[in-house]
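> So here's final_37.txt, just compact mmCIF, C-alpha atoms:
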# COMPACT_ATOMS: atom_id res chain seq x y z
CA LEU A 1 122.79 162.25 98.08
CA GLY A 2 123.77 159.21 100.08
CA ARG A 3 121.67 160.01 103.16
CA VAL A 4 118.90 157.42 103.01
CA ASP A 5 119.80 156.13 106.47
CA ALA A 6 120.15 159.56 108.12
CA GLN A 7 117.72 159.64 111.05
CA ILE A 8 117.00 162.47 113.46
CA LYS A 9 114.26 163.38 115.91
CA VAL A 10 111.99 166.36 115.30
CA ARG A 11 109.44 167.23 117.98
CA GLY A 12 109.51 163.71 119.32
CA HIS A 13 109.18 161.96 115.95
CA ARG A 14 111.91 159.89 114.34
CA VAL A 15 112.48 161.23 110.83
CA GLU A 16 114.41 159.71 107.93
CA LEU A 17 115.87 162.61 105.98
CA GLY A 18 116.68 160.35 103.04
CA GLU A 19 113.03 159.39 102.61
CA ILE A 20 112.02 163.04 102.39
CA GLU A 21 114.81 163.75 99.92
CA ALA A 22 113.75 160.78 97.79
CA ARG A 23 110.20 162.17 97.57
CA LEU A 24 111.55 165.60 96.68
CA ALA A 25 113.76 164.07 93.99
CA ALA A 26 110.64 162.64 92.32
CA TRP A 27 109.33 166.15 91.66
CA PRO A 28 109.88 166.79 87.91
CA THR A 29 110.99 170.44 88.09
CA LEU A 30 113.55 169.77 90.82
CA THR A 31 117.09 168.52 90.12
CA GLN A 32 118.61 168.39 93.63
CA ALA A 33 117.37 168.62 97.18
CA VAL A 34 118.76 168.22 100.67
CA VAL A 35 116.86 168.31 103.96
CA THR A 36 118.36 169.49 107.22
CA VAL A 37 117.23 170.46 110.70
CA VAL A 38 117.14 174.15 111.59
CA ALA A 39 115.84 176.14 114.57
CA ASP A 40 112.50 177.85 114.04
CA ALA A 41 111.44 181.23 115.49
CA ARG A 42 110.72 179.57 118.85
CA GLY A 43 114.09 177.82 118.94
CA GLU A 44 112.56 174.39 118.28
CA SER A 45 113.82 171.90 115.70
CA ALA A 46 112.22 172.15 112.27
CA LEU A 47 112.89 170.61 108.88
CA CYS A 48 114.16 172.75 106.02
CA ALA A 49 114.37 171.61 102.39
CA TYR A 50 116.98 173.23 100.14
CA CYS A 51 115.95 172.77 96.51
CA VAL A 52 117.62 173.37 93.16
CA PRO A 53 115.14 173.75 90.29
CA ALA A 54 115.74 172.38 86.82
CA GLN A 55 117.08 174.90 84.33
CA GLY A 56 114.39 177.36 83.30
CA GLU A 57 111.91 176.04 85.86
CA SER A 58 110.39 177.70 88.91
CA LEU A 59 109.31 175.81 91.99
CA ASP A 60 105.73 175.91 93.22
CA TRP A 61 106.00 175.34 96.97
CA ARG A 62 102.25 174.82 97.33
CA GLU A 63 102.23 171.98 94.80
CA LEU A 64 105.47 170.54 96.16
CA ARG A 65 104.04 170.46 99.67
CA ARG A 66 100.89 168.77 98.31
CA HIS A 67 103.08 166.20 96.57
CA LEU A 68 104.87 165.37 99.82
CA ALA A 69 101.58 165.20 101.75
CA GLY A 70 100.48 162.39 99.47
CA TYR A 71 103.33 160.18 100.73
CA LEU A 72 104.58 161.46 104.08
CA PRO A 73 103.06 162.11 107.51
CA THR A 74 102.84 165.75 108.56
CA PHE A 75 105.88 165.65 110.83
CA MET A 76 108.06 164.70 107.82
CA ILE A 77 106.94 167.61 105.64
CA PRO A 78 109.49 170.45 105.84
CA SER A 79 108.40 173.64 107.57
CA TYR A 80 110.77 175.67 105.40
CA PHE A 81 111.66 175.55 101.71
CA VAL A 82 114.63 177.44 100.27
CA GLU A 83 115.40 177.68 96.57
CA LEU A 84 119.10 177.73 95.60
CA PRO A 85 120.82 177.89 92.21
CA GLU A 86 123.07 175.05 93.38
CA LEU A 87 123.94 173.19 96.56
CA PRO A 88 127.25 174.11 98.25
CA LEU A 89 129.74 171.23 98.23
CA THR A 90 132.74 170.27 100.34
CA PRO A 91 136.09 169.62 98.59
CA ASN A 92 135.26 165.90 98.46
CA GLY A 93 131.95 166.54 96.67
CA LYS A 94 129.46 166.12 99.50
CA VAL A 95 126.81 168.69 100.41
CA ASP A 96 128.31 171.27 102.73
CA VAL A 97 125.48 171.46 105.25
CA ALA A 98 127.26 174.13 107.28
CA ALA A 99 127.32 176.41 104.23
CA LEU A 100 123.58 176.24 103.61
CA PRO A 101 121.92 179.61 104.28
CA ALA A 102 119.48 179.94 107.16
CA PRO A 103 115.89 180.16 105.99
CA GLU A 104 114.34 183.60 106.21
CA ALA A 105 112.19 184.13 109.25
CA ASP A 106 108.98 184.22 107.23
CA THR A 107 109.81 181.35 104.86
CA GLY A 108 107.70 178.86 106.78
CA GLU A 109 104.70 181.18 106.48
CA GLN A 110 105.37 182.02 102.86
CA ALA A 111 102.38 183.34 101.02
CA HIS A 112 99.39 182.36 103.09
CA GLU A 113 98.03 179.32 101.25
CA ALA A 114 94.31 180.02 101.22
CA PRO A 115 91.83 177.13 101.09
CA VAL A 116 90.46 176.60 97.58
CA THR A 117 88.40 173.40 97.33
CA LEU A 118 85.08 172.92 99.09
CA TYR A 119 86.71 170.42 101.45
CA GLU A 120 89.54 172.85 102.31
CA MET A 121 87.16 175.75 102.90
CA ARG A 122 84.85 173.74 105.14
CA MET A 123 87.81 172.33 107.06
CA ALA A 124 89.13 175.87 107.57
CA GLU A 125 85.77 177.04 108.92
CA HIS A 126 85.69 174.17 111.41
CA TRP A 127 89.25 174.90 112.55
CA LYS A 128 88.47 178.58 113.05
CA ALA A 129 85.33 177.84 115.04
CA LEU A 130 86.97 175.14 117.19
CA LEU A 131 90.28 176.86 117.81
CA GLY A 132 89.23 180.52 117.87
CA LEU A 133 91.35 181.45 114.85
CA GLU A 134 90.74 184.31 112.44
CA GLN A 135 92.69 182.85 109.52
CA VAL A 136 94.22 179.50 108.62
CA GLY A 137 96.14 178.30 105.59
CA LEU A 138 96.67 174.94 103.94
CA GLN A 139 100.15 174.66 105.43
CA HIS A 140 99.06 175.06 109.04
CA ASP A 141 99.16 172.07 111.36
CA PHE A 142 96.12 171.37 113.54
CA PHE A 143 98.17 170.67 116.65
CA GLU A 144 100.52 173.63 116.16
CA VAL A 145 97.71 176.20 115.96
CA GLY A 146 96.00 175.13 119.17
CA GLY A 147 94.49 171.72 118.45
CA SER A 148 94.46 168.82 120.89
CA SER A 149 93.28 165.22 120.94
CA ILE A 150 89.97 166.33 122.46
CA LYS A 151 89.57 169.05 119.81
CA LEU A 152 90.36 166.47 117.13
CA ILE A 153 87.49 164.27 118.32
CA GLU A 154 85.16 167.27 118.21
CA LEU A 155 86.41 168.12 114.72
CA ILE A 156 85.69 164.57 113.57
CA TYR A 157 82.21 164.75 115.10
CA ARG A 158 81.50 167.98 113.19
CA LEU A 159 82.83 166.66 109.88
CA GLN A 160 80.89 163.41 110.21
CA GLY A 161 77.72 165.38 110.87
CA GLU A 162 78.21 167.73 107.93
CA PHE A 163 79.26 165.18 105.32
CA ASN A 164 77.56 162.07 106.75
CA ILE A 165 80.78 160.08 106.65
CA ALA A 166 82.66 157.89 109.11
CA ILE A 167 86.21 159.12 109.81
CA PRO A 168 88.62 156.86 111.68
CA VAL A 169 90.80 158.96 114.00
CA SER A 170 93.90 157.36 112.48
CA HIS A 171 93.08 158.87 109.07
CA LEU A 172 93.13 162.45 110.36
CA PHE A 173 96.24 161.79 112.46
CA LYS A 174 98.30 160.78 109.42
CA VAL A 175 98.54 164.23 107.82
CA THR A 176 97.46 166.92 110.24
CA THR A 177 97.87 169.99 108.05
CA LEU A 178 94.66 171.63 106.90
CA HIS A 179 95.36 170.45 103.37
CA GLY A 180 96.01 166.89 104.53
CA MET A 181 92.86 166.67 106.62
CA ALA A 182 90.76 168.15 103.80
CA LYS A 183 92.22 165.61 101.38
CA THR A 184 91.28 162.79 103.77
CA VAL A 185 87.65 163.98 103.82
CA GLU A 186 87.67 164.26 100.02
CA HIS A 187 89.04 160.72 99.66
CA ILE A 188 86.31 159.31 101.90
CA ILE A 189 83.55 161.12 99.99
CA THR A 190 84.90 160.06 96.60
CA GLY A 191 85.35 156.43 97.65
CA ARG A 192 89.14 156.23 97.76
CA LEU A 193 88.91 155.59 101.50
CA GLU A 194 86.12 153.75 103.30
CA GLY A 195 83.56 155.66 105.33
CA ALA A 196 81.13 157.24 102.85
CA GLN A 197 77.41 156.99 103.58
CA PRO A 198 74.72 156.80 100.86
CA TYR A 199 73.33 160.29 101.43
CA LEU A 200 73.90 163.78 102.85
CA TRP A 201 71.47 165.90 104.88
CA PHE A 202 70.92 169.59 104.16
CA ASN A 203 68.51 171.73 106.23
CA PRO A 204 67.80 168.71 108.46
CA GLY A 205 65.41 170.56 110.77
CA GLN A 206 62.68 170.98 108.14
CA GLU A 207 59.70 168.69 107.69
CA LYS A 208 59.06 169.03 103.94
CA THR A 209 61.62 166.79 102.24
CA VAL A 210 63.10 166.62 98.75
CA PHE A 211 65.03 163.50 97.74
CA CYS A 212 67.80 164.32 95.24
CA PHE A 213 69.53 161.82 92.97
CA PRO A 214 73.16 162.20 91.89
CA PRO A 215 74.45 163.10 88.44
CA ALA A 216 77.30 161.14 86.82
CA GLY A 217 80.03 160.79 89.41
CA GLY A 218 77.61 160.14 92.22
CA HIS A 219 78.06 162.97 94.71
CA GLY A 220 75.17 164.54 96.60
CA LEU A 221 77.39 167.55 97.32
CA VAL A 222 76.30 169.13 94.02
CA TYR A 223 72.97 169.97 95.71
CA ARG A 224 74.56 171.98 98.51
CA GLN A 225 73.78 175.40 97.02
CA LEU A 226 70.30 174.37 95.91
CA ALA A 227 69.54 173.54 99.55
CA VAL A 228 70.95 176.91 100.66
CA HIS A 229 68.46 178.66 98.38
CA LEU A 230 65.55 176.48 99.51
CA PRO A 231 65.97 176.62 103.30
CA GLU A 232 62.33 175.69 103.89
CA TYR A 233 62.97 172.17 102.56
CA ARG A 234 64.98 169.35 104.06
CA PHE A 235 67.20 167.80 101.40
CA VAL A 236 68.32 164.21 101.27
CA ALA A 237 71.07 164.31 98.64
CA PHE A 238 71.96 160.78 97.63
CA ASN A 239 75.45 159.67 96.76
CA TYR A 240 75.76 157.01 94.10
CA VAL A 241 74.72 153.46 94.93
CA SER A 242 76.24 150.83 92.65
CA GLY A 243 74.67 147.60 91.44
CA GLU A 244 71.79 146.49 89.29
CA ASP A 245 69.31 146.85 92.15
CA LYS A 246 70.04 150.56 92.74
CA VAL A 247 66.45 151.66 92.05
CA THR A 248 65.13 149.28 94.71
CA ARG A 249 67.85 150.31 97.15
CA TYR A 250 67.14 154.02 96.72
CA ALA A 251 63.43 153.35 97.25
CA ASP A 252 64.29 151.37 100.40
CA LEU A 253 66.39 154.27 101.67
CA ILE A 254 63.56 156.72 101.08
CA GLU A 255 61.10 154.51 102.92
CA SER A 256 63.50 154.11 105.84
CA LEU A 257 64.00 157.89 106.04
CA ARG A 258 60.34 158.76 105.41
CA PRO A 259 58.14 155.81 106.37
CA GLU A 260 54.94 157.65 105.42
CA GLY A 261 53.78 160.78 103.66
CA PRO A 262 54.46 162.21 100.19
CA CYS A 263 57.93 162.03 98.62
CA ASP A 264 59.07 164.72 96.18
CA LEU A 265 61.96 163.61 93.95
CA PHE A 266 64.56 165.73 92.16
CA GLY A 267 67.35 164.85 89.77
CA TYR A 268 69.93 166.78 87.77
CA SER A 269 71.45 165.32 84.61
CA LEU A 270 71.43 161.50 84.90
CA GLY A 271 69.90 162.01 88.34
CA GLY A 272 66.67 162.99 86.58
CA ASN A 273 66.46 159.66 84.80
CA LEU A 274 67.11 157.87 88.07
CA ALA A 275 64.49 159.93 89.90
CA PHE A 276 61.87 158.83 87.36
CA GLU A 277 62.75 155.16 87.84
CA VAL A 278 62.60 155.46 91.64
CA ALA A 279 59.22 157.22 91.35
CA LYS A 280 57.88 154.19 89.48
CA GLU A 281 59.20 151.88 92.19
CA LEU A 282 57.69 153.94 95.01
CA GLN A 283 54.41 154.14 93.12
CA SER A 284 54.34 150.34 92.81
CA ARG A 285 54.67 150.19 96.61
CA GLY A 286 51.67 152.45 97.07
CA ARG A 287 53.67 155.54 98.09
CA GLU A 288 52.59 159.02 97.04
CA VAL A 289 55.02 160.92 94.82
CA PRO A 290 53.52 164.36 94.05
CA ASN A 291 56.47 165.64 91.99
CA VAL A 292 59.37 164.41 89.93
CA VAL A 293 61.49 167.48 89.11
CA ILE A 294 64.02 166.85 86.35
CA MET A 295 66.81 169.35 85.73
CA ASP A 296 68.04 169.03 82.16
CA SER A 297 67.83 165.25 81.65
CA TYR A 298 66.76 163.78 78.33
CA ARG A 299 64.33 160.91 78.66
CA ILE A 300 65.94 157.64 77.55
CA SER A 301 63.24 156.09 75.39
CA GLU A 302 65.07 152.88 74.49
CA SER A 303 68.21 150.97 75.43
CA PHE A 304 71.32 151.90 73.51
CA GLU A 305 74.79 150.50 73.00
CA LEU A 306 77.22 152.37 75.20
CA GLY A 307 80.18 153.66 73.18
CA GLU A 308 83.45 155.32 74.10
CA GLU A 309 82.06 158.63 72.84
CA HIS A 310 79.34 158.52 75.50
CA LEU A 311 81.90 157.84 78.23
CA ALA A 312 84.16 160.64 76.98
CA ILE A 313 81.30 163.16 77.11
CA PHE A 314 80.33 162.19 80.63
CA GLU A 315 83.92 162.11 81.88
CA ARG A 316 84.38 165.68 80.65
CA GLU A 317 81.12 166.65 82.32
CA LEU A 318 82.16 164.93 85.54
CA SER A 319 85.50 166.75 85.62
CA GLU A 320 83.71 170.05 85.12
CA HIS A 321 81.16 169.31 87.85
CA LEU A 322 83.80 168.40 90.41
CA LEU A 323 85.79 171.54 89.64
CA ARG A 324 82.68 173.74 89.83
CA HIS A 325 81.19 172.26 92.97
CA THR A 326 84.20 171.18 95.01
CA GLY A 327 87.15 173.07 93.50
CA SER A 328 88.91 169.75 92.93
CA GLU A 329 90.63 169.43 89.56
CA ILE A 330 91.62 165.79 89.98
CA VAL A 331 88.95 163.18 89.26
CA ALA A 332 89.68 160.09 91.33
CA GLU A 333 89.67 156.82 89.42
CA GLU A 334 87.09 155.56 91.91
CA THR A 335 84.79 158.40 90.88
CA LEU A 336 85.31 157.69 87.19
CA GLY A 337 84.48 154.04 87.85
CA GLN A 338 81.20 155.07 89.48
CA ALA A 339 80.38 157.31 86.54
CA ARG A 340 81.03 154.58 83.99
CA GLU A 341 78.87 152.11 85.92
CA TYR A 342 76.08 154.71 86.21
CA ILE A 343 76.14 155.49 82.50
CA ASP A 344 76.15 151.81 81.63
CA PHE A 345 73.15 151.22 83.91
CA SER A 346 71.28 154.15 82.36
CA SER A 347 71.94 152.92 78.82
CA ARG A 348 70.22 149.64 79.75
CA THR A 349 67.39 151.25 81.72
CA PRO A 350 65.07 153.20 79.41
CA ASN A 351 62.54 155.49 81.11
CA LEU A 352 59.41 153.63 80.03
CA GLY A 353 55.97 153.73 81.55
CA VAL A 354 53.97 156.43 83.27
CA VAL A 355 54.06 157.83 86.81
CA SER A 356 51.18 159.39 88.70
CA ALA A 357 53.46 162.26 89.77
CA ALA A 358 53.61 165.56 87.95
CA VAL A 359 56.80 165.57 85.87
CA SER A 360 58.44 169.00 85.62
CA VAL A 361 61.50 169.62 83.47
CA ILE A 362 63.82 172.57 84.08
CA SER A 363 65.75 172.92 80.86
CA ASP A 364 69.13 174.30 79.97
CA GLU A 365 68.30 177.84 78.79
CA GLU A 366 69.42 176.95 75.26
CA LYS A 367 67.64 173.58 74.96
CA VAL A 368 63.96 174.20 75.72
CA SER A 369 62.99 173.12 72.21
CA PHE A 370 64.66 169.74 72.71
CA TYR A 371 61.98 168.84 75.26
CA ALA A 372 59.04 169.54 72.94
CA ALA A 373 56.48 166.76 72.53
CA ALA A 374 57.82 165.61 69.16
CA GLU A 375 61.47 165.41 70.24
CA SER A 376 63.18 162.13 71.15
CA GLY A 377 64.22 163.30 74.62
CA THR A 378 60.82 164.64 75.62
CA TRP A 379 59.15 163.69 78.90
CA HIS A 380 55.67 164.37 77.52
CA GLY A 381 53.53 161.28 78.06
CA SER A 382 55.53 160.18 81.13
CA SER A 383 52.99 161.53 83.65
CA ALA A 384 49.35 160.66 84.25
CA ALA A 385 48.98 164.06 85.92
CA ARG A 386 50.82 166.66 83.84
CA THR A 387 54.18 167.33 82.21
CA GLU A 388 55.59 170.85 82.04
CA VAL A 389 58.85 172.29 80.72
CA PHE A 390 60.43 175.38 82.28
CA LYS A 391 63.27 177.40 80.82
CA GLY A 392 66.07 177.33 83.38
CA SER A 393 68.95 179.73 83.90
CA GLY A 394 72.34 178.83 82.48
CA THR A 395 73.63 176.10 80.23
CA HIS A 396 73.71 172.50 81.48
CA ALA A 397 76.99 172.67 83.37
CA GLU A 398 76.15 176.06 84.91
CA MET A 399 72.67 175.40 86.29
CA LEU A 400 73.78 174.71 89.88
CA ASP A 401 76.43 177.46 89.84
CA GLN A 402 76.29 180.58 91.98
CA ASP A 403 75.27 182.81 89.04
CA HIS A 404 72.24 180.69 88.16
CA ILE A 405 71.22 178.75 91.25
CA ALA A 406 68.93 181.44 92.72
CA ARG A 407 66.74 181.57 89.59
CA ASN A 408 66.65 177.79 89.23
CA ALA A 409 65.86 177.34 92.93
CA ASP A 410 62.92 179.72 92.51
CA LEU A 411 61.63 177.51 89.70
CA VAL A 412 61.94 174.44 91.93
CA ARG A 413 60.13 176.25 94.75
CA GLY A 414 57.24 177.18 92.44
CA ILE A 415 57.00 173.66 91.04
CA LEU A 416 56.92 172.03 94.47
CA ALA A 417 54.34 174.51 95.76
CA GLY A 418 52.18 173.98 92.70
CA GLY A 419 52.60 170.22 92.97
CA ALA A 420 51.45 170.32 96.56
CA ALA A 421 48.34 172.22 95.48
CA HIS A 422 47.53 169.61 92.84
CA ALA A 423 48.44 166.57 94.92
CA GLY A 424 45.74 164.07 95.72
Would you write out, as structure tokens, the structure that this file holds?

Amino acid sequence: LGRVDAQIKVRGHRVELGEIEARLAAWPTLTQAVVTVVADARGESALCAYCVPAQGESLDWRELRRHLAGYLPTFMIPSYFVELPELPLTPNGKVDVAALPAPEADTGEQAHEAPVTLYEMRMAEHWKALLGLEQVGLQHDFFEVGGSSIKLIELIYRLQGEFNIAIPVSHLFKVTTLHGMAKTVEHIITGRLEGAQPYLWFNPGQEKTVFCFPPAGGHGLVYRQLAVHLPEYRFVAFNYVSGEDKVTRYADLIESLRPEGPCDLFGYSLGGNLAFEVAKELQSRGREVPNVVIMDSYRISESFELGEEHLAIFERELSEHLLRHTGSEIVAEETLGQAREYIDFSSRTPNLGVVSAAVSVISDEEKVSFYAAAESGTWHGSSAARTEVFKGSGTHAEMLDQDHIARNADLVRGILAGGAAHAG
């Protein structure tokens, strides 16, 4: 619309209207857009985007705002969005800005955009606690709902403590809406931005500790609900560690976190295979491992050639896990890369040998028979103590879900208590 060089100031920030319009123009269901400055309810300058949808299309303001947040700082994201059938033009064909309708008073607050993903919901809880708010939406700006630089530092401190990540202040300053801040945390955890640590703590005040190994995709967050249902245990939920020496590195982490005493290990999906390998490493160092609890992981009895069909299966599983446990539908390429490396490592690392720990398998409710002694995926013969198979609740992808986690956590509790009784 010939306005790339149009610059104005909004709340102290210099804004290029043309840059915003260019980002809007990239949205596939939008044919035309113009951005202007209007007065908000308090009489202050605010940005308003007037948008013309493509024929037969409807505009999703939530998704459009998310699109803009991926490219623009918060102060350049319009506060108001108005849909028009066409833009009014002057006789010489330019947009008639004076003829654009004023946005309705509630347009900027249109349909409270409730947090959906795990990151958004946790961010919302921190905002409410810090700022004394009863409700916040994705579109709200931290500094416009009562935040300050001091509150931002406290927010960062809380987020770093919860997710065990390092968050540079500059990252949270870039997009200060709730959605933008939540996306920053998600990008750090998934590896798109630097700052992720190798593990998360759950129930950190407890003495009895369970070390949990990640499934494909490498996120310890999948164990969040398991820890909620086992509050008497401290959980160290590992994120994925890359490299051929990952077994040694996980064992080193465990020894640094628990220099002495027994170490119970847990793993879901590929995490079960990894837990077994780390148990062997700890055993070789003279450490006591009473229990290796494996949630629906077939034992890999020999190396195999990794094919595209294996990757496709795990990528589908990974997408499903992220959606179930974080609410995120988009699988970052960094996360897929971790999953592929993990699967490749597992295909070359068969679960051979025997551990002194009791090996307990919690099976998908439909696959108990697949873990029988004669089956190829069985763990029978992997323990010098005992190997038991328990029928879990739910199918593989559901086992850590809200509907099944209580029953499966009870199984884990019983196994760990029984293991403690048999230890030594």
> Tell me which protein, DNA and RNA residues are within 10 Å of range 223-240 of chain A, counting all atoms listed in the file, leaving out same-chain ones fewer than 3 positions away, and put them as a ChimeraX atom specification.
/A:189-190,196-220,243,246,250,253-254,257,265-268,271,325,335,338-339,342,399-402,405-410,412-413
> Restricting the calculation to all atoms listed in the file: of A:Asn164, A:Ser356, A:Thr29, A:Thr176, which residue gets closest to Ser58 in chain A?
A:Thr29
> What does the distance from CA of Ala417 in chain A to CA of Thr387 in chain A come to in Å, to one decimal?
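Separating CA of Ala417 in chain A from CA of Thr387 in chain A is a distance of 15.3 Å.
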> Just to confirm, what's the straight-line distance from CA of Glu366 in chain A to CA of Glu308 in chain A in Å (one decimal)?
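Taking CA of Glu366 in chain A as the start and CA of Glu308 in chain A as the end point, the length is 25.8 Å.
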> Any idea what's packed within 12 Å of Gly56 in chain A, counting only C-alpha atoms, ignoring anything in its chain fewer than 5 positions away? Could you give it as an MDAnalysis selection string?
chainID A and resid 29:31 85
> Using only C-alpha atoms, what residues lie at most 6 Å away from (63.3, 176.5, 86.6) (file coordinates), given as a list of chain:residue names?
A:Ile362, A:Phe390, A:Lys391, A:Gly392, A:Asn408, A:Leu411, A:Val412
> What's around Pro115 in chain A at 9 Å? Count only C-alpha atoms, leave out sequence neighbours fewer than 3 positions away in its own chain, and write the answer as a count of residues only.
12
> Could you tell me which of A:Leu155, A:Thr117, A:Ala397, A:Ala166 comes closest to Ala182 in chain A if we count only C-alpha atoms?
A:Thr117
> Tell me which protein, DNA and RNA residues are within 6 Å of range 296-306 of chain A, counting all atoms listed in the file, leaving out same-chain ones fewer than 3 positions away, and put them as a PyMOL selection string.
chain A and resi 269+272+347-348+350-351+362-364+377-379
> Could you tell me which of A:Phe142, A:Gly337, A:Glu388, A:Ala114 comes closest to Trp127 in chain A if we count all atoms listed in the file?
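Of A:Phe142, A:Gly337, A:Glu388, A:Ala114, the one nearest Trp127 in chain A, counting all atoms listed in the file, is A:Phe142.
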